[in-house]
>>> print(open('upload.txt').read())   # compact mmCIF, C-alpha atoms and all ligand atoms
# COMPACT_ATOMS: atom_id res chain seq x y z
CA MET A 389 -4.87 28.10 4.50
CA GLY A 390 -2.58 25.12 4.86
CA CYS A 391 -4.98 22.68 3.21
CA PRO A 392 -3.89 21.94 -0.35
CA PRO A 393 -6.93 21.25 -2.54
CA ALA A 394 -7.35 18.07 -4.56
CA SER A 395 -5.72 18.43 -7.99
CA SER A 396 -7.87 19.40 -10.96
CA ALA A 397 -7.45 15.91 -12.46
CA THR A 398 -8.55 14.32 -9.19
CA CYS A 399 -11.53 16.69 -9.06
CA ALA A 400 -12.47 15.65 -12.61
CA ALA A 401 -12.27 11.98 -11.57
CA LEU A 402 -14.45 12.66 -8.50
CA ARG A 403 -17.05 14.46 -10.56
CA PHE A 404 -17.02 11.59 -13.07
CA LEU A 405 -17.47 8.97 -10.34
CA ALA A 406 -20.31 10.89 -8.68
CA ALA A 407 -22.06 11.25 -12.06
CA ALA A 408 -21.52 7.61 -13.09
CA LEU A 409 -22.95 6.46 -9.77
CA GLN A 410 -25.81 9.00 -9.97
CA ALA A 411 -24.76 9.60 -6.39
CA LYS A 412 -27.38 10.83 -3.96
CA ALA A 413 -25.23 10.48 -0.84
CA VAL A 414 -21.48 11.09 -0.72
CA VAL A 415 -19.25 11.31 2.33
CA GLU A 416 -15.95 13.20 2.27
CA ILE A 417 -13.28 13.32 4.97
CA GLY A 418 -11.29 16.56 4.59
CA THR A 419 -13.62 19.38 3.51
CA GLY A 420 -10.71 21.83 3.23
CA THR A 421 -11.84 24.93 1.37
CA GLY A 422 -14.41 22.95 -0.62
CA VAL A 423 -12.59 22.33 -3.89
CA SER A 424 -13.17 18.56 -4.04
CA GLY A 425 -16.62 18.99 -2.47
CA LEU A 426 -17.73 21.28 -5.26
CA SER A 427 -16.62 18.75 -7.89
CA LEU A 428 -18.50 16.00 -6.08
CA LEU A 429 -21.65 18.15 -5.84
CA ARG A 430 -21.42 18.98 -9.56
CA GLY A 431 -21.35 15.27 -10.45
CA MET A 432 -24.02 14.11 -8.01
CA ALA A 433 -27.77 13.85 -8.63
CA PRO A 434 -29.41 17.31 -8.40
CA ASP A 435 -30.96 16.41 -5.04
CA GLY A 436 -27.88 14.58 -3.77
CA VAL A 437 -26.40 15.47 -0.39
CA LEU A 438 -22.68 15.74 0.35
CA THR A 439 -21.68 14.98 3.96
CA SER A 440 -18.26 16.53 4.49
CA ILE A 441 -16.18 16.18 7.66
CA ASP A 442 -13.32 18.40 8.84
CA VAL A 443 -11.68 19.23 12.17
CA ASP A 444 -11.12 22.87 11.25
CA PRO A 445 -14.11 25.23 11.48
CA GLU A 446 -12.29 27.95 9.51
CA HIS A 447 -11.79 25.61 6.57
CA GLN A 448 -15.45 24.62 6.67
CA ALA A 449 -16.55 28.28 6.81
CA VAL A 450 -14.58 28.95 3.61
CA ALA A 451 -16.05 25.82 1.99
CA LYS A 452 -19.57 26.84 2.98
CA ARG A 453 -19.06 30.22 1.31
CA ALA A 454 -17.60 28.57 -1.81
CA PHE A 455 -20.64 26.27 -2.09
CA SER A 456 -22.99 29.20 -1.65
CA ASP A 457 -21.10 31.34 -4.20
CA ALA A 458 -21.34 28.44 -6.66
CA GLY A 459 -25.14 28.32 -6.22
CA VAL A 460 -25.29 25.07 -4.25
CA ALA A 461 -28.56 24.89 -2.28
CA PRO A 462 -27.83 24.94 1.48
CA GLY A 463 -29.51 21.56 2.07
CA ARG A 464 -27.15 19.81 -0.33
CA ALA A 465 -24.03 20.15 1.83
CA ARG A 466 -24.00 18.79 5.37
CA LEU A 467 -20.77 19.99 6.98
CA ILE A 468 -19.81 18.15 10.16
CA MET A 469 -16.97 19.44 12.32
CA GLY A 470 -14.93 16.69 13.93
CA ARG A 471 -12.33 14.00 13.34
CA GLY A 472 -13.14 11.48 10.65
CA VAL A 473 -12.49 8.59 13.03
CA ASP A 474 -15.11 9.99 15.46
CA VAL A 475 -17.77 11.03 12.93
CA LEU A 476 -17.75 8.11 10.46
CA PRO A 477 -18.94 5.52 13.02
CA ARG A 478 -22.09 7.64 13.55
CA LEU A 479 -23.11 7.45 9.87
CA THR A 480 -25.61 4.93 8.48
CA ASP A 481 -24.62 1.46 7.21
CA GLY A 482 -24.94 1.12 3.43
CA GLY A 483 -26.20 4.69 3.16
CA TYR A 484 -23.58 6.12 0.78
CA ASP A 485 -22.74 5.84 -2.91
CA LEU A 486 -19.22 7.24 -2.67
CA MET A 487 -16.63 8.05 0.01
CA PHE A 488 -13.66 10.34 -0.62
CA ALA A 489 -10.80 10.39 1.92
CA ASP A 490 -8.47 13.41 1.86
CA ALA A 491 -7.43 13.99 5.50
CA ALA A 492 -5.25 12.55 8.28
CA LYS A 493 -3.44 9.83 6.29
CA ALA A 494 -2.58 8.03 9.54
CA ASP A 495 -6.32 7.38 9.96
CA TYR A 496 -6.84 5.89 6.49
CA LEU A 497 -7.15 2.37 7.97
CA THR A 498 -10.23 3.49 9.91
CA TYR A 499 -11.59 5.30 6.84
CA TYR A 500 -11.19 2.06 4.87
CA ALA A 501 -12.99 -0.09 7.48
CA GLN A 502 -15.75 2.45 7.96
CA GLY A 503 -16.01 3.09 4.23
CA VAL A 504 -16.73 -0.56 3.43
CA ARG A 505 -19.50 -0.45 6.05
CA LEU A 506 -20.96 2.83 4.80
CA LEU A 507 -21.11 2.02 1.08
CA ARG A 508 -24.06 0.41 -0.63
CA PRO A 509 -23.20 -2.48 -2.99
CA GLY A 510 -21.80 -0.89 -6.17
CA GLY A 511 -20.57 2.13 -4.24
CA VAL A 512 -17.00 3.41 -4.55
CA LEU A 513 -14.24 4.25 -2.06
CA ALA A 514 -11.63 6.84 -3.11
CA PHE A 515 -8.38 7.56 -1.24
CA ASP A 516 -6.31 10.56 -2.28
CA ASP A 517 -2.50 10.87 -2.28
CA VAL A 518 -1.72 7.16 -2.01
CA ASN A 519 1.48 7.50 -4.08
CA ALA A 520 2.96 9.66 -1.32
CA ALA A 521 3.83 6.34 0.31
CA ALA A 522 5.26 4.61 -2.75
CA ASP A 523 8.85 4.76 -1.44
CA PRO A 524 9.21 1.75 0.94
CA ALA A 525 12.11 3.55 2.65
CA ARG A 526 9.58 5.96 4.19
CA ARG A 527 8.73 4.52 7.60
CA ASP A 528 6.66 7.39 9.08
CA VAL A 529 3.18 6.64 10.42
CA GLU A 530 1.35 8.24 7.48
CA SER A 531 3.34 6.43 4.77
CA THR A 532 2.99 3.11 6.58
CA ALA A 533 -0.79 3.60 6.92
CA LEU A 534 -1.12 4.47 3.23
CA ARG A 535 0.82 1.35 2.21
CA ASP A 536 -1.24 -0.81 4.60
CA VAL A 537 -4.51 0.53 3.19
CA ALA A 538 -3.38 0.04 -0.41
CA LYS A 539 -2.53 -3.60 0.42
CA LEU A 540 -5.80 -4.23 2.29
CA VAL A 541 -7.86 -2.72 -0.54
CA ARG A 542 -5.98 -4.80 -3.15
CA GLU A 543 -6.53 -8.02 -1.18
CA ASP A 544 -10.14 -7.39 -0.05
CA ASP A 545 -12.42 -9.69 -2.06
CA ARG A 546 -15.38 -7.39 -1.36
CA LEU A 547 -13.66 -4.70 -3.45
CA VAL A 548 -12.53 -4.18 -7.06
CA PRO A 549 -9.59 -1.74 -6.90
CA LEU A 550 -8.06 0.63 -9.46
CA LEU A 551 -5.18 3.09 -9.01
CA LEU A 552 -5.74 6.27 -11.02
CA PRO A 553 -2.64 8.35 -11.82
CA THR A 554 -4.30 11.66 -10.95
CA GLY A 555 -2.73 14.10 -8.51
CA ASP A 556 -0.57 12.10 -6.12
CA GLY A 557 -2.45 8.89 -6.88
CA LEU A 558 -6.17 8.27 -6.39
CA LEU A 559 -6.93 4.72 -5.24
CA VAL A 560 -10.54 3.82 -6.01
CA ALA A 561 -12.37 0.59 -5.24
CA ALA A 562 -15.89 -0.53 -6.10
CA LYS A 563 -17.77 -2.54 -3.45
CA ILE A 564 -19.32 -5.67 -4.95
C1 LIG G 1 -5.79 18.25 2.00
S1 LIG G 1 -6.97 19.17 2.90
C2 LIG G 1 -8.49 18.76 2.10
C3 LIG G 1 -8.67 19.46 0.79
C4 LIG G 1 -10.06 19.30 0.21
N1 LIG G 1 -10.41 17.92 -0.02
C5 LIG G 1 -10.17 20.09 -1.08
O1 LIG G 1 -9.98 19.55 -2.18
O2 LIG G 1 -10.40 21.32 -0.96
C6 LIG G 1 -7.10 18.22 4.38
C7 LIG G 1 -8.19 18.68 5.35
O3 LIG G 1 -8.33 17.68 6.34
C8 LIG G 1 -8.61 18.30 7.57
N2 LIG G 1 -8.25 17.33 8.63
C9 LIG G 1 -7.03 17.09 9.18
N3 LIG G 1 -7.12 16.09 10.07
C10 LIG G 1 -8.41 15.68 10.07
C11 LIG G 1 -9.11 14.64 10.75
N4 LIG G 1 -8.49 13.86 11.64
N5 LIG G 1 -10.43 14.47 10.50
C12 LIG G 1 -11.07 15.30 9.60
N6 LIG G 1 -10.45 16.28 8.93
C13 LIG G 1 -9.14 16.47 9.15
C14 LIG G 1 -7.79 19.57 7.56
O4 LIG G 1 -8.32 20.53 8.46
C15 LIG G 1 -7.88 19.98 6.09
O5 LIG G 1 -8.92 20.89 5.91
>>> encode(input="upload.txt", output="structure tokens")
Amino acid sequence: MGCPPASSATCAALRFLAAALQAKAVVEIGTGTGVSGLSLLRGMAPDGVLTSIDVDPEHQAVAKRAFSDAGVAPGRARLIMGRGVDVLPRLTDGGYDLMFADAAKADYLTYYAQGVRLLRPGGVLAFDDVNAAADPARRDVESTALRDVAKLVREDDRLVPLLLPTGDGLLVAAKI
């Protein structure tokens, strides 16, 4: 459907993070067909709610079916159609244990700023595909945004960062 799912190693890392945090509230940007969402839901507390944002209603319809087929209770997945940059500002300050960004790399700077606001202390930000920008010769908007976010996260003294070599690079950062 033109939305490559998170890799199986990245999904394992997401499930691990959600379980370690005993996450009750997770926000994801880039529902896709629900592959990463299902891993997050499997790691979260049994009554935890995943808020997942995507611009494409067809992708979200497939994800909704995948969650239902996997036995996820309907109230555990809140699917919001829209652009991450428009939806994230409407979400509650400090209300989330974990944020996973896997959409619109050019908007990662907004996801970072909003993510720091949305996380509770001890919560974790996760940005997928950050190694896609590793080559400094790449000057396109997406690569530049990924490099900028990686630098901001590294230098932000509110965050403790770690780059995991899963998929195309999963940058995680705990909010202290
Ligand atoms: C790489 S796929 C996500 C895959 C998903 N995380 C998974 O593992 O199944 C990227 C998704 O981001 C969505 N998307 C693209 N631009 C977006 C934006 N500005 N805001 C929210 N979602 C967006 C696409 O429709 C697509 O479904």
>>> closest_residue(input="upload.txt", among="A:Leu486, A:Met469, A:Ala525, A:Leu426", to="A:Ser396", atoms="all atoms listed in the file")
A:Leu426
>>> residues_around(input="upload.txt", residues="A:Val415", least_positions_apart="2", cutoff="12 Å", atoms="all atoms listed in the file", output="ChimeraX atom specification")
/A:402,406,411-413,417-419,424-425,428-429,432,436-442,464-468,472,475-476,479-480,482-490,499,502-503,506-507,511-514
>>> closest_residue(input="upload.txt", among="A:Arg471, A:Arg478, A:Lys493, A:Arg430", to="ligand LIG 1 (chain G)", atoms="only C-alpha atoms and all ligand atoms")
A:Arg471
>>> closest_residue(input="upload.txt", among="A:Val450, A:Val460, A:Pro445, A:Arg542", to="A:Ser427", atoms="only C-alpha atoms")
A:Val460
>>> closest_residue(input="upload.txt", among="A:Thr398, A:Gln410, A:Thr421, A:Ser456", to="ligand LIG 1 (chain G)", atoms="only C-alpha atoms and all ligand atoms")
A:Thr421
>>> atom_distance(input="upload.txt", atom1="atom CA of A:Arg453", atom2="atom CA of A:Leu409")
26.5 Å
>>> atom_distance(input="upload.txt", atom1="atom CA of A:Ala454", atom2="atom CA of A:Val423")
8.3 Å
>>> axis_aligned_box(input="upload.txt", around="ligand LIG 1 (chain G)", padding_each_side="5 Å", output="lines of an AutoDock Vina configuration file")
center_x = -8.4
center_y = 17.6
center_z = 4.7
size_x = 15.3
size_y = 17.5
size_z = 23.8
>>> atom_distance(input="upload.txt", atom1="atom CA of A:Lys563", atom2="atom N5 of ligand LIG 1 (chain G)")
23.2 Å
>>> closest_residue(input="upload.txt", among="A:Phe404, A:Arg505, A:Gly470, A:Pro393", to="A:Ala451", atoms="all atoms listed in the file")
A:Pro393
>>> residues_around(input="upload.txt", residues="A:Leu558", least_positions_apart="5", cutoff="9 Å", atoms="all atoms listed in the file", output="mmCIF file with C-alpha atoms, in the frame of the given file")
data_model
loop_
_atom_site.group_PDB
_atom_site.id
_atom_site.type_symbol
_atom_site.label_atom_id
_atom_site.label_comp_id
_atom_site.auth_asym_id
_atom_site.auth_seq_id
_atom_site.Cartn_x
_atom_site.Cartn_y
_atom_site.Cartn_z
ATOM 1 C CA THR A 398 -8.550 14.320 -9.190
ATOM 2 C CA ALA A 401 -12.270 11.980 -11.570
ATOM 3 C CA ALA A 514 -11.630 6.840 -3.110
ATOM 4 C CA PHE A 515 -8.380 7.560 -1.240
ATOM 5 C CA ASP A 516 -6.310 10.560 -2.280
ATOM 6 C CA ASP A 517 -2.500 10.870 -2.280
ATOM 7 C CA VAL A 518 -1.720 7.160 -2.010
ATOM 8 C CA ASN A 519 1.480 7.500 -4.080
ATOM 9 C CA LEU A 550 -8.060 0.630 -9.460
ATOM 10 C CA LEU A 551 -5.180 3.090 -9.010
ATOM 11 C CA LEU A 552 -5.740 6.270 -11.020
ATOM 12 C CA PRO A 553 -2.640 8.350 -11.820
#
>>> closest_residue(input="upload.txt", among="A:Thr498, A:Ser531, A:Thr554, A:Ser395", to="ligand LIG 1 (chain G)", atoms="all atoms listed in the file")
A:Ser395
>>> residues_around(input="upload.txt", residues="A:Gly390", least_positions_apart="6", cutoff="12 Å", atoms="all atoms listed in the file", output="ChimeraX atom specification")
/A:420-421,444,446-447
>>> decode(input="upload.txt", residues="stretch 529-544 of chain A", atoms="N, CA, C and O atoms", output="compact mmCIF listing (two decimals), in the first residue's frame")
# COMPACT_ATOMS: atom_id res chain seq x y z
N VAL A 529 15.20 17.92 1.86
CA VAL A 529 14.54 18.44 3.06
C VAL A 529 14.43 17.36 4.15
O VAL A 529 14.68 17.62 5.33
N GLU A 530 14.08 16.13 3.74
CA GLU A 530 13.88 15.07 4.73
C GLU A 530 15.20 14.72 5.44
O GLU A 530 15.23 14.60 6.67
N SER A 531 16.28 14.55 4.65
CA SER A 531 17.57 14.19 5.24
C SER A 531 18.05 15.29 6.18
O SER A 531 18.56 15.02 7.28
N THR A 532 17.87 16.54 5.74
CA THR A 532 18.31 17.66 6.57
C THR A 532 17.53 17.68 7.88
O THR A 532 18.10 17.88 8.97
N ALA A 533 16.21 17.45 7.80
CA ALA A 533 15.39 17.46 9.02
C ALA A 533 15.81 16.33 9.95
O ALA A 533 15.90 16.52 11.18
N LEU A 534 16.10 15.16 9.40
CA LEU A 534 16.51 14.03 10.24
C LEU A 534 17.83 14.34 10.95
O LEU A 534 17.98 14.06 12.15
N ARG A 535 18.78 14.93 10.20
CA ARG A 535 20.06 15.28 10.84
C ARG A 535 19.87 16.34 11.92
O ARG A 535 20.45 16.27 13.00
N ASP A 536 19.00 17.33 11.63
CA ASP A 536 18.75 18.40 12.61
C ASP A 536 18.14 17.82 13.89
O ASP A 536 18.52 18.20 15.00
N VAL A 537 17.19 16.91 13.73
CA VAL A 537 16.54 16.32 14.91
C VAL A 537 17.55 15.49 15.70
O VAL A 537 17.60 15.59 16.94
N ALA A 538 18.35 14.71 15.00
CA ALA A 538 19.35 13.89 15.71
C ALA A 538 20.27 14.79 16.53
O ALA A 538 20.58 14.49 17.70
N LYS A 539 20.68 15.92 15.97
CA LYS A 539 21.57 16.85 16.68
C LYS A 539 20.84 17.48 17.88
O LYS A 539 21.39 17.52 18.99
N LEU A 540 19.61 17.93 17.66
CA LEU A 540 18.85 18.55 18.75
C LEU A 540 18.63 17.57 19.91
O LEU A 540 18.79 17.92 21.08
N VAL A 541 18.29 16.33 19.56
CA VAL A 541 18.04 15.32 20.60
C VAL A 541 19.33 15.05 21.37
O VAL A 541 19.33 14.97 22.61
N ARG A 542 20.45 14.94 20.64
CA ARG A 542 21.75 14.68 21.30
C ARG A 542 22.11 15.80 22.27
O ARG A 542 22.67 15.56 23.33
N GLU A 543 21.78 17.04 21.88
CA GLU A 543 22.24 18.20 22.67
C GLU A 543 21.21 18.69 23.69
O GLU A 543 21.49 19.62 24.43
N ASP A 544 20.03 18.08 23.73
CA ASP A 544 18.95 18.53 24.61
C ASP A 544 19.18 17.97 26.01
O ASP A 544 19.13 16.75 26.22
